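J.: Below are the structure tokens for one structure; questions will follow.
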Amino acid sequence: MLLEVRDLHVEFRTRDGVARAVNGVNYGVDAGETLAVLGESGSGKSVTAQAIMGILDIPPGRITGGEILFQGRDLLKLKEEERRKVRGAEMAMIFQDALSSLNPVLSVGDQLGEMFVVHRGMSKKDARARAVELMDRVRIPGAGARVRDYPHQFSGGMRQRIMIAMALALEPALIIADEPTTALDVTVQAQVMDLLAELQREYHMGLILITHDLGVVADVADRIVVMYAGRIVESAPVHDIYKAPAHPYTRGLLDSIPRLDQKGQELYAIKGLPPNLMHIPPGCAFNPRCPMARDVCRTDEPPLYEVSDDRGSACHFWTECLHG
Amino acid sequence: MPEPLPQEPYTSGGGRAPEDGAIAATGMGGAMDLATSEGETLEKRPGGPDGTGPWDRPRSLWSDAWRDLRRNPVFIISGLVILFLVVISIWPSLIASGSPLRCDLAKAQEGSQPGAPFGYDGQGCNVYTRTVYGARTSVTVGVCATLGVSLLGSVLGGLAGFFGGLSDSFLSRITDVFFAIPVVLGGLVLLSVVTSNTVWPVIGFMVLLGWPQISRIARGSVITAKQNDYVQAARALGASNSRILLRHIMPNAIAPVIVVATIALGTYIALEATLSYLGVGLKPPTVSWGIDISAASSYIRNAPHMLLWPAGALALTVLAFIMLGDAVRDALDPKLR
């Protein structure tokens, strides 16, 4: 395993109380593998990613338990300075909104080159040359001419390519993409995802793709973990999940995808709202919204039951869900 | 990189047509809130319709601000006045002959005459010469106090804002304490014990009482800039704290500091005059408008020219710096474009 998250707990201490954002998450990704992390806002998917990268705001955030093993080392035990050297060089992150993730007062060439200056101690001139190479790599037309342009002078899709180029600059072993295409329109989304998938194959990187877009996931992911209220509720190879979900929440997500053959009908939506992380319901966190919920769901928290060798579901009634 | 830039991005067609189209309409998306005028970008970037028009150089907040400033009459006028002040404070002998300290009591309070267009003061000193030489003091005090205040204030405020926590609370309480000291009263108390004849105690006093103002602003704008996604992105890509502060936060947080500092410069000049007028600021033989105004105030009925010229020069200087600060503020505020 390239990266393994084991029993990770993260909480945020606020004035109103403690929000338990991540409650015992386990997942792993291999080199060359794409893991999709799926979930609503507030499900803890981004917080887990921030904990892996080490960019969680502490305080108010606090990692209260677990391990993050990256190439065999527990990242949580490293000193901040060692961790900083891992970031960017060995693992990198692509953010959702490339416009706000690029510094408006620096040219894109400066920002791309910064990677080489910070981690490789290159001269500004060499770094600039490498920046042009990178921009070529992510297929930005006229890279040599545009390297001096500022972020706002690029279109959304081009900006996201620049973010990808920045993340790829030092050929990290792991890339975390936090909703990389959410801010883009559909045609551009596909191009950016294709590019990301292609570069991933080429460099044989592990990719953690955080998203709430099931359409994006189906094309590129190898495995999916579905998160709800800071826990993993289902973990499975991508095709199994689409064929037959083993958790009512996953089923709800799949049913909420608009489909052409249902034109004119009302869209399905999972009733209710995600739980308040300061007051996660006892038992299964999903029970207030679950169409299958029974008494046991309100009292006993389901473990991640083994559905098959490479598949798990945190539902007491996963067999029912899987077959019906 | 050779200029003019080549045209590929807009002429290359091929498989990625939608994307290419999207670049031509540079930054259609969320770019409106950025520091550039969107209309300008759209109309100028693609060059002429035949593709021969030269491209604008890529612009940043600063080059945009500079473009705005060059067209702003307020900036041009105040800039010229300030340029003139700076030149005469470096080389006062360019427009005034003789020494401001050579006085002839026989000519005391005499009015305008050849060689002394502003007349003579109570000690028989040439008011014109003294007014010209007074500019040096005012500009020195204003510039040095502003530099000191900005440096101290933005370093302390910036660090407090960046690191937050205990250091921030500590600094905020200290600024509160300094804010509570009335400037004039503080000056009367602190400066009355100083015996030095130079401008430095006055500058030091202004820095001591002025830095909390800048520190608050720097703290606030660093906290705002710190929350930007690109700061987190830079951190995720392995940038160190110092690099994040200097390269990603400072350039995005410094604008409000510059604006307030420019406006404050004018008020420091006025404050120097106030303190000198009260007798605790600069002391003769230093030539200062404040000292001259103070000396002239007792003769205001029979020789008003003694008061009017240094006071006018002071008012003009303060006004020029405040106007400059206003123009800079407008230019650096993208919302006003």
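Ordered as shown in the structure tokens, chains take letters A, B, and onward, while each chain numbers its residues from 1 and ligands are numbered from 1 in the order shown.
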May I have a table of the residues of chain A lying at most 9 Å from chain B, giving each one's closest pair of atoms and their distance in Å to one decimal, counting only C-alpha atoms, ordered by chain and ascending residue number, as JSON lines?
T.:
```
{"residue": "A:Gln50", "atom": "CA", "partner": "B:Ala236", "partner_atom": "CA", "distance": 8.7}
{"residue": "A:Met53", "atom": "CA", "partner": "B:Ala236", "partner_atom": "CA", "distance": 6.4}
{"residue": "A:Gly54", "atom": "CA", "partner": "B:Ala236", "partner_atom": "CA", "distance": 7.6}
{"residue": "A:Ile55", "atom": "CA", "partner": "B:Ala236", "partner_atom": "CA", "distance": 6.3}
{"residue": "A:Glu81", "atom": "CA", "partner": "B:Ser240", "partner_atom": "CA", "distance": 8.3}
{"residue": "A:Arg83", "atom": "CA", "partner": "B:Gly238", "partner_atom": "CA", "distance": 8.3}
{"residue": "A:Arg84", "atom": "CA", "partner": "B:Gly238", "partner_atom": "CA", "distance": 4.9}
{"residue": "A:Lys85", "atom": "CA", "partner": "B:Gly238", "partner_atom": "CA", "distance": 6.0}
{"residue": "A:Val86", "atom": "CA", "partner": "B:Gly238", "partner_atom": "CA", "distance": 7.2}
{"residue": "A:Arg87", "atom": "CA", "partner": "B:Gly238", "partner_atom": "CA", "distance": 4.6}
{"residue": "A:Gly88", "atom": "CA", "partner": "B:Leu237", "partner_atom": "CA", "distance": 3.7}
{"residue": "A:Ala89", "atom": "CA", "partner": "B:Gly238", "partner_atom": "CA", "distance": 7.4}
{"residue": "A:Met91", "atom": "CA", "partner": "B:Leu237", "partner_atom": "CA", "distance": 8.1}
{"residue": "A:Ala92", "atom": "CA", "partner": "B:Leu237", "partner_atom": "CA", "distance": 5.9}
{"residue": "A:Met93", "atom": "CA", "partner": "B:Ala236", "partner_atom": "CA", "distance": 6.2}
{"residue": "A:Ile94", "atom": "CA", "partner": "B:Ala233", "partner_atom": "CA", "distance": 7.9}
{"residue": "A:Phe95", "atom": "CA", "partner": "B:Ala233", "partner_atom": "CA", "distance": 7.2}
{"residue": "A:Asp97", "atom": "CA", "partner": "B:Asp229", "partner_atom": "CA", "distance": 8.2}
{"residue": "A:Ala98", "atom": "CA", "partner": "B:Tyr230", "partner_atom": "CA", "distance": 8.5}
{"residue": "A:Leu99", "atom": "CA", "partner": "B:Gly30", "partner_atom": "CA", "distance": 7.4}
{"residue": "A:Ser100", "atom": "CA", "partner": "B:Asp229", "partner_atom": "CA", "distance": 5.5}
{"residue": "A:Ser101", "atom": "CA", "partner": "B:Tyr230", "partner_atom": "CA", "distance": 3.8}
{"residue": "A:Leu102", "atom": "CA", "partner": "B:Tyr230", "partner_atom": "CA", "distance": 4.9}
{"residue": "A:Asn103", "atom": "CA", "partner": "B:Tyr230", "partner_atom": "CA", "distance": 5.5}
{"residue": "A:Pro104", "atom": "CA", "partner": "B:Leu34", "partner_atom": "CA", "distance": 7.6}
{"residue": "A:Val105", "atom": "CA", "partner": "B:Ser60", "partner_atom": "CA", "distance": 5.8}
{"residue": "A:Leu106", "atom": "CA", "partner": "B:Ser60", "partner_atom": "CA", "distance": 7.7}
{"residue": "A:Ser107", "atom": "CA", "partner": "B:Ser60", "partner_atom": "CA", "distance": 8.4}
{"residue": "A:Gln111", "atom": "CA", "partner": "B:Ala234", "partner_atom": "CA", "distance": 8.9}
{"residue": "A:Glu114", "atom": "CA", "partner": "B:Ala239", "partner_atom": "CA", "distance": 8.5}
{"residue": "A:Met115", "atom": "CA", "partner": "B:Leu237", "partner_atom": "CA", "distance": 7.2}
{"residue": "A:Val118", "atom": "CA", "partner": "B:Ala239", "partner_atom": "CA", "distance": 6.6}
{"residue": "A:His119", "atom": "CA", "partner": "B:Gly238", "partner_atom": "CA", "distance": 7.7}
{"residue": "A:Ile140", "atom": "CA", "partner": "B:Pro9", "partner_atom": "CA", "distance": 8.3}
{"residue": "A:Pro141", "atom": "CA", "partner": "B:Pro9", "partner_atom": "CA", "distance": 5.2}
{"residue": "A:Gly142", "atom": "CA", "partner": "B:Pro9", "partner_atom": "CA", "distance": 5.4}
{"residue": "A:Ala143", "atom": "CA", "partner": "B:Pro9", "partner_atom": "CA", "distance": 8.6}
{"residue": "A:Gly144", "atom": "CA", "partner": "B:Met1", "partner_atom": "CA", "distance": 8.2}
{"residue": "A:Ala145", "atom": "CA", "partner": "B:Leu5", "partner_atom": "CA", "distance": 5.8}
{"residue": "A:Arg146", "atom": "CA", "partner": "B:Leu5", "partner_atom": "CA", "distance": 8.4}
{"residue": "A:Arg148", "atom": "CA", "partner": "B:Pro58", "partner_atom": "CA", "distance": 6.9}
{"residue": "A:Asp149", "atom": "CA", "partner": "B:Pro58", "partner_atom": "CA", "distance": 5.3}
{"residue": "A:Tyr150", "atom": "CA", "partner": "B:Pro58", "partner_atom": "CA", "distance": 6.6}
{"residue": "A:Pro151", "atom": "CA", "partner": "B:Gly27", "partner_atom": "CA", "distance": 8.4}
{"residue": "A:His152", "atom": "CA", "partner": "B:Gly27", "partner_atom": "CA", "distance": 5.4}
{"residue": "A:Gln153", "atom": "CA", "partner": "B:Thr26", "partner_atom": "CA", "distance": 5.1}
{"residue": "A:Phe154", "atom": "CA", "partner": "B:Gly27", "partner_atom": "CA", "distance": 5.4}
{"residue": "A:Ser155", "atom": "CA", "partner": "B:Gly27", "partner_atom": "CA", "distance": 4.8}
{"residue": "A:Gly156", "atom": "CA", "partner": "B:Gly29", "partner_atom": "CA", "distance": 6.6}
{"residue": "A:Gly157", "atom": "CA", "partner": "B:Glu19", "partner_atom": "CA", "distance": 7.0}
{"residue": "A:Met158", "atom": "CA", "partner": "B:Ile23", "partner_atom": "CA", "distance": 7.5}
{"residue": "A:Met166", "atom": "CA", "partner": "B:Leu237", "partner_atom": "CA", "distance": 8.0}
{"residue": "A:Ala167", "atom": "CA", "partner": "B:Leu237", "partner_atom": "CA", "distance": 7.1}
{"residue": "A:Thr187", "atom": "CA", "partner": "B:Pro18", "partner_atom": "CA", "distance": 8.0}
{"residue": "A:Val188", "atom": "CA", "partner": "B:Glu19", "partner_atom": "CA", "distance": 7.1}
{"residue": "A:Gln191", "atom": "CA", "partner": "B:Arg16", "partner_atom": "CA", "distance": 8.8}
```
J.: Show which residues sit within 10 Å of region 104-114 of chain B, as a list of chain:residue names. Count only C-alpha atoms, and ignore same-chain residues fewer than 2 positions away.
T.: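 The contact residues come out as B:Leu101, B:Arg102, B:Ala116, B:Pro117, B:Phe118, B:Gly119, B:Tyr120, B:Asp121, B:Gly122, B:Gln123, B:Gly124, B:Cys125, B:Asn126, B:Val127, B:Tyr128, B:Ala296, B:Tyr299, B:Asn302, B:Ala303, B:Pro304, B:His305, B:Met306.
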J.: Counting only C-alpha atoms, what is within 6 Å of Ala218 (chain B), bar same-chain residues fewer than 6 positions away, as a list in words?
T.: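 My list of contacting residues is Ser154, Gly157 and Gly158 of chain B.
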J.: For Ala49 (chain A), please output as a list in words all residues within 8 Å (counting only C-alpha atoms; exclusion window: fewer than 4 positions along the same chain).
T.: Lys45, Met53, Ile176 and Asp178 of chain A
J.: Do you know which residues are at most 10 Å from Val225 (chain A) counting only C-alpha atoms, after dropping those on the same chain fewer than 6 positions away, and could you put them as number ranges by chain?
T.: A: 26-28, 35-39, 45, 210, 231-238, 241, 250, 311-313
J.: One number please: CA of Gly44 (chain A) to CA of Ile280 (chain A), in Å, one decimal.
T.: 12.8 Å
J.: With DSSP run on the backbone, what are the strand (DSSP E) residues within region 131-279 of chain A? I'd like them as a list in words.
T.: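 Matching residues for strand (DSSP E) in region 131-279 of chain A are Leu174, Ile175, Ile176, Ala177, Asp178, Gly206, Leu207, Ile208, Leu209, Ile210, Thr211, Arg223, Ile224, Val225, Val226, Met227, Tyr228, Arg231, Ile232, Val233, Glu234, Ser235, Ala236 and Pro237 of chain A.
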J.: Could you save those same residues with N, CA and C atoms as a PDB file, in the first residue's frame?
T.:
```pdb
ATOM      1  N   LEU A 174       1.663  10.330  -4.783  1.00  0.00           N
ATOM      2  CA  LEU A 174       0.236  10.368  -4.468  1.00  0.00           C
ATOM      3  C   LEU A 174      -0.322  11.753  -4.778  1.00  0.00           C
ATOM      4  N   ILE A 175      -1.485  11.741  -5.419  1.00  0.00           N
ATOM      5  CA  ILE A 175      -2.177  13.013  -5.664  1.00  0.00           C
ATOM      6  C   ILE A 175      -3.548  12.927  -5.012  1.00  0.00           C
ATOM      7  N   ILE A 176      -3.907  13.979  -4.300  1.00  0.00           N
ATOM      8  CA  ILE A 176      -5.267  14.060  -3.766  1.00  0.00           C
ATOM      9  C   ILE A 176      -5.972  15.163  -4.534  1.00  0.00           C
ATOM     10  N   ALA A 177      -7.045  14.812  -5.208  1.00  0.00           N
ATOM     11  CA  ALA A 177      -7.787  15.817  -5.961  1.00  0.00           C
ATOM     12  C   ALA A 177      -9.107  16.043  -5.248  1.00  0.00           C
ATOM     13  N   ASP A 178      -9.271  17.241  -4.677  1.00  0.00           N
ATOM     14  CA  ASP A 178     -10.479  17.554  -3.918  1.00  0.00           C
ATOM     15  C   ASP A 178     -11.479  18.235  -4.856  1.00  0.00           C
ATOM     16  N   GLY A 206      -0.667   7.098  -7.222  1.00  0.00           N
ATOM     17  CA  GLY A 206      -1.919   6.824  -6.540  1.00  0.00           C
ATOM     18  C   GLY A 206      -2.752   8.097  -6.596  1.00  0.00           C
ATOM     19  N   LEU A 207      -4.057   7.952  -6.806  1.00  0.00           N
ATOM     20  CA  LEU A 207      -4.906   9.139  -6.901  1.00  0.00           C
ATOM     21  C   LEU A 207      -6.104   8.968  -5.969  1.00  0.00           C
ATOM     22  N   ILE A 208      -6.272   9.936  -5.086  1.00  0.00           N
ATOM     23  CA  ILE A 208      -7.489   9.955  -4.272  1.00  0.00           C
ATOM     24  C   ILE A 208      -8.368  11.055  -4.822  1.00  0.00           C
ATOM     25  N   LEU A 209      -9.524  10.660  -5.316  1.00  0.00           N
ATOM     26  CA  LEU A 209     -10.402  11.605  -5.970  1.00  0.00           C
ATOM     27  C   LEU A 209     -11.591  11.848  -5.051  1.00  0.00           C
ATOM     28  N   ILE A 210     -11.657  13.055  -4.523  1.00  0.00           N
ATOM     29  CA  ILE A 210     -12.753  13.385  -3.613  1.00  0.00           C
ATOM     30  C   ILE A 210     -13.838  14.059  -4.419  1.00  0.00           C
ATOM     31  N   THR A 211     -15.025  13.559  -4.344  1.00  0.00           N
ATOM     32  CA  THR A 211     -16.059  14.121  -5.204  1.00  0.00           C
ATOM     33  C   THR A 211     -17.434  13.808  -4.642  1.00  0.00           C
ATOM     34  N   ARG A 223     -11.694   2.008  -7.121  1.00  0.00           N
ATOM     35  CA  ARG A 223     -12.449   1.681  -5.924  1.00  0.00           C
ATOM     36  C   ARG A 223     -13.204   2.913  -5.455  1.00  0.00           C
ATOM     37  N   ILE A 224     -14.248   2.673  -4.699  1.00  0.00           N
ATOM     38  CA  ILE A 224     -15.015   3.780  -4.133  1.00  0.00           C
ATOM     39  C   ILE A 224     -15.155   3.564  -2.636  1.00  0.00           C
ATOM     40  N   VAL A 225     -14.945   4.600  -1.863  1.00  0.00           N
ATOM     41  CA  VAL A 225     -15.426   4.539  -0.491  1.00  0.00           C
ATOM     42  C   VAL A 225     -16.475   5.639  -0.336  1.00  0.00           C
ATOM     43  N   VAL A 226     -17.572   5.294   0.305  1.00  0.00           N
ATOM     44  CA  VAL A 226     -18.645   6.253   0.520  1.00  0.00           C
ATOM     45  C   VAL A 226     -18.590   6.667   1.983  1.00  0.00           C
ATOM     46  N   MET A 227     -18.575   7.971   2.220  1.00  0.00           N
ATOM     47  CA  MET A 227     -18.487   8.452   3.605  1.00  0.00           C
ATOM     48  C   MET A 227     -19.779   9.119   4.025  1.00  0.00           C
ATOM     49  N   TYR A 228     -20.107   8.942   5.285  1.00  0.00           N
ATOM     50  CA  TYR A 228     -21.286   9.599   5.841  1.00  0.00           C
ATOM     51  C   TYR A 228     -20.992   9.928   7.308  1.00  0.00           C
ATOM     52  N   ARG A 231     -17.772   8.671   8.782  1.00  0.00           N
ATOM     53  CA  ARG A 231     -17.450   7.240   8.765  1.00  0.00           C
ATOM     54  C   ARG A 231     -17.546   6.727   7.351  1.00  0.00           C
ATOM     55  N   ILE A 232     -16.867   5.607   7.116  1.00  0.00           N
ATOM     56  CA  ILE A 232     -17.041   4.958   5.831  1.00  0.00           C
ATOM     57  C   ILE A 232     -18.236   4.025   5.937  1.00  0.00           C
ATOM     58  N   VAL A 233     -19.213   4.220   5.048  1.00  0.00           N
ATOM     59  CA  VAL A 233     -20.399   3.366   5.117  1.00  0.00           C
ATOM     60  C   VAL A 233     -20.336   2.250   4.082  1.00  0.00           C
ATOM     61  N   GLU A 234     -19.602   2.485   3.004  1.00  0.00           N
ATOM     62  CA  GLU A 234     -19.443   1.405   2.038  1.00  0.00           C
ATOM     63  C   GLU A 234     -18.111   1.577   1.321  1.00  0.00           C
ATOM     64  N   SER A 235     -17.472   0.441   1.065  1.00  0.00           N
ATOM     65  CA  SER A 235     -16.198   0.458   0.371  1.00  0.00           C
ATOM     66  C   SER A 235     -16.218  -0.699  -0.618  1.00  0.00           C
ATOM     67  N   ALA A 236     -15.992  -0.408  -1.891  1.00  0.00           N
ATOM     68  CA  ALA A 236     -16.151  -1.468  -2.881  1.00  0.00           C
ATOM     69  C   ALA A 236     -15.474  -1.104  -4.190  1.00  0.00           C
ATOM     70  N   PRO A 237     -15.154  -2.103  -5.031  1.00  0.00           N
ATOM     71  CA  PRO A 237     -14.691  -1.807  -6.382  1.00  0.00           C
ATOM     72  C   PRO A 237     -15.796  -1.090  -7.138  1.00  0.00           C
TER      73      PRO A 237
END
```
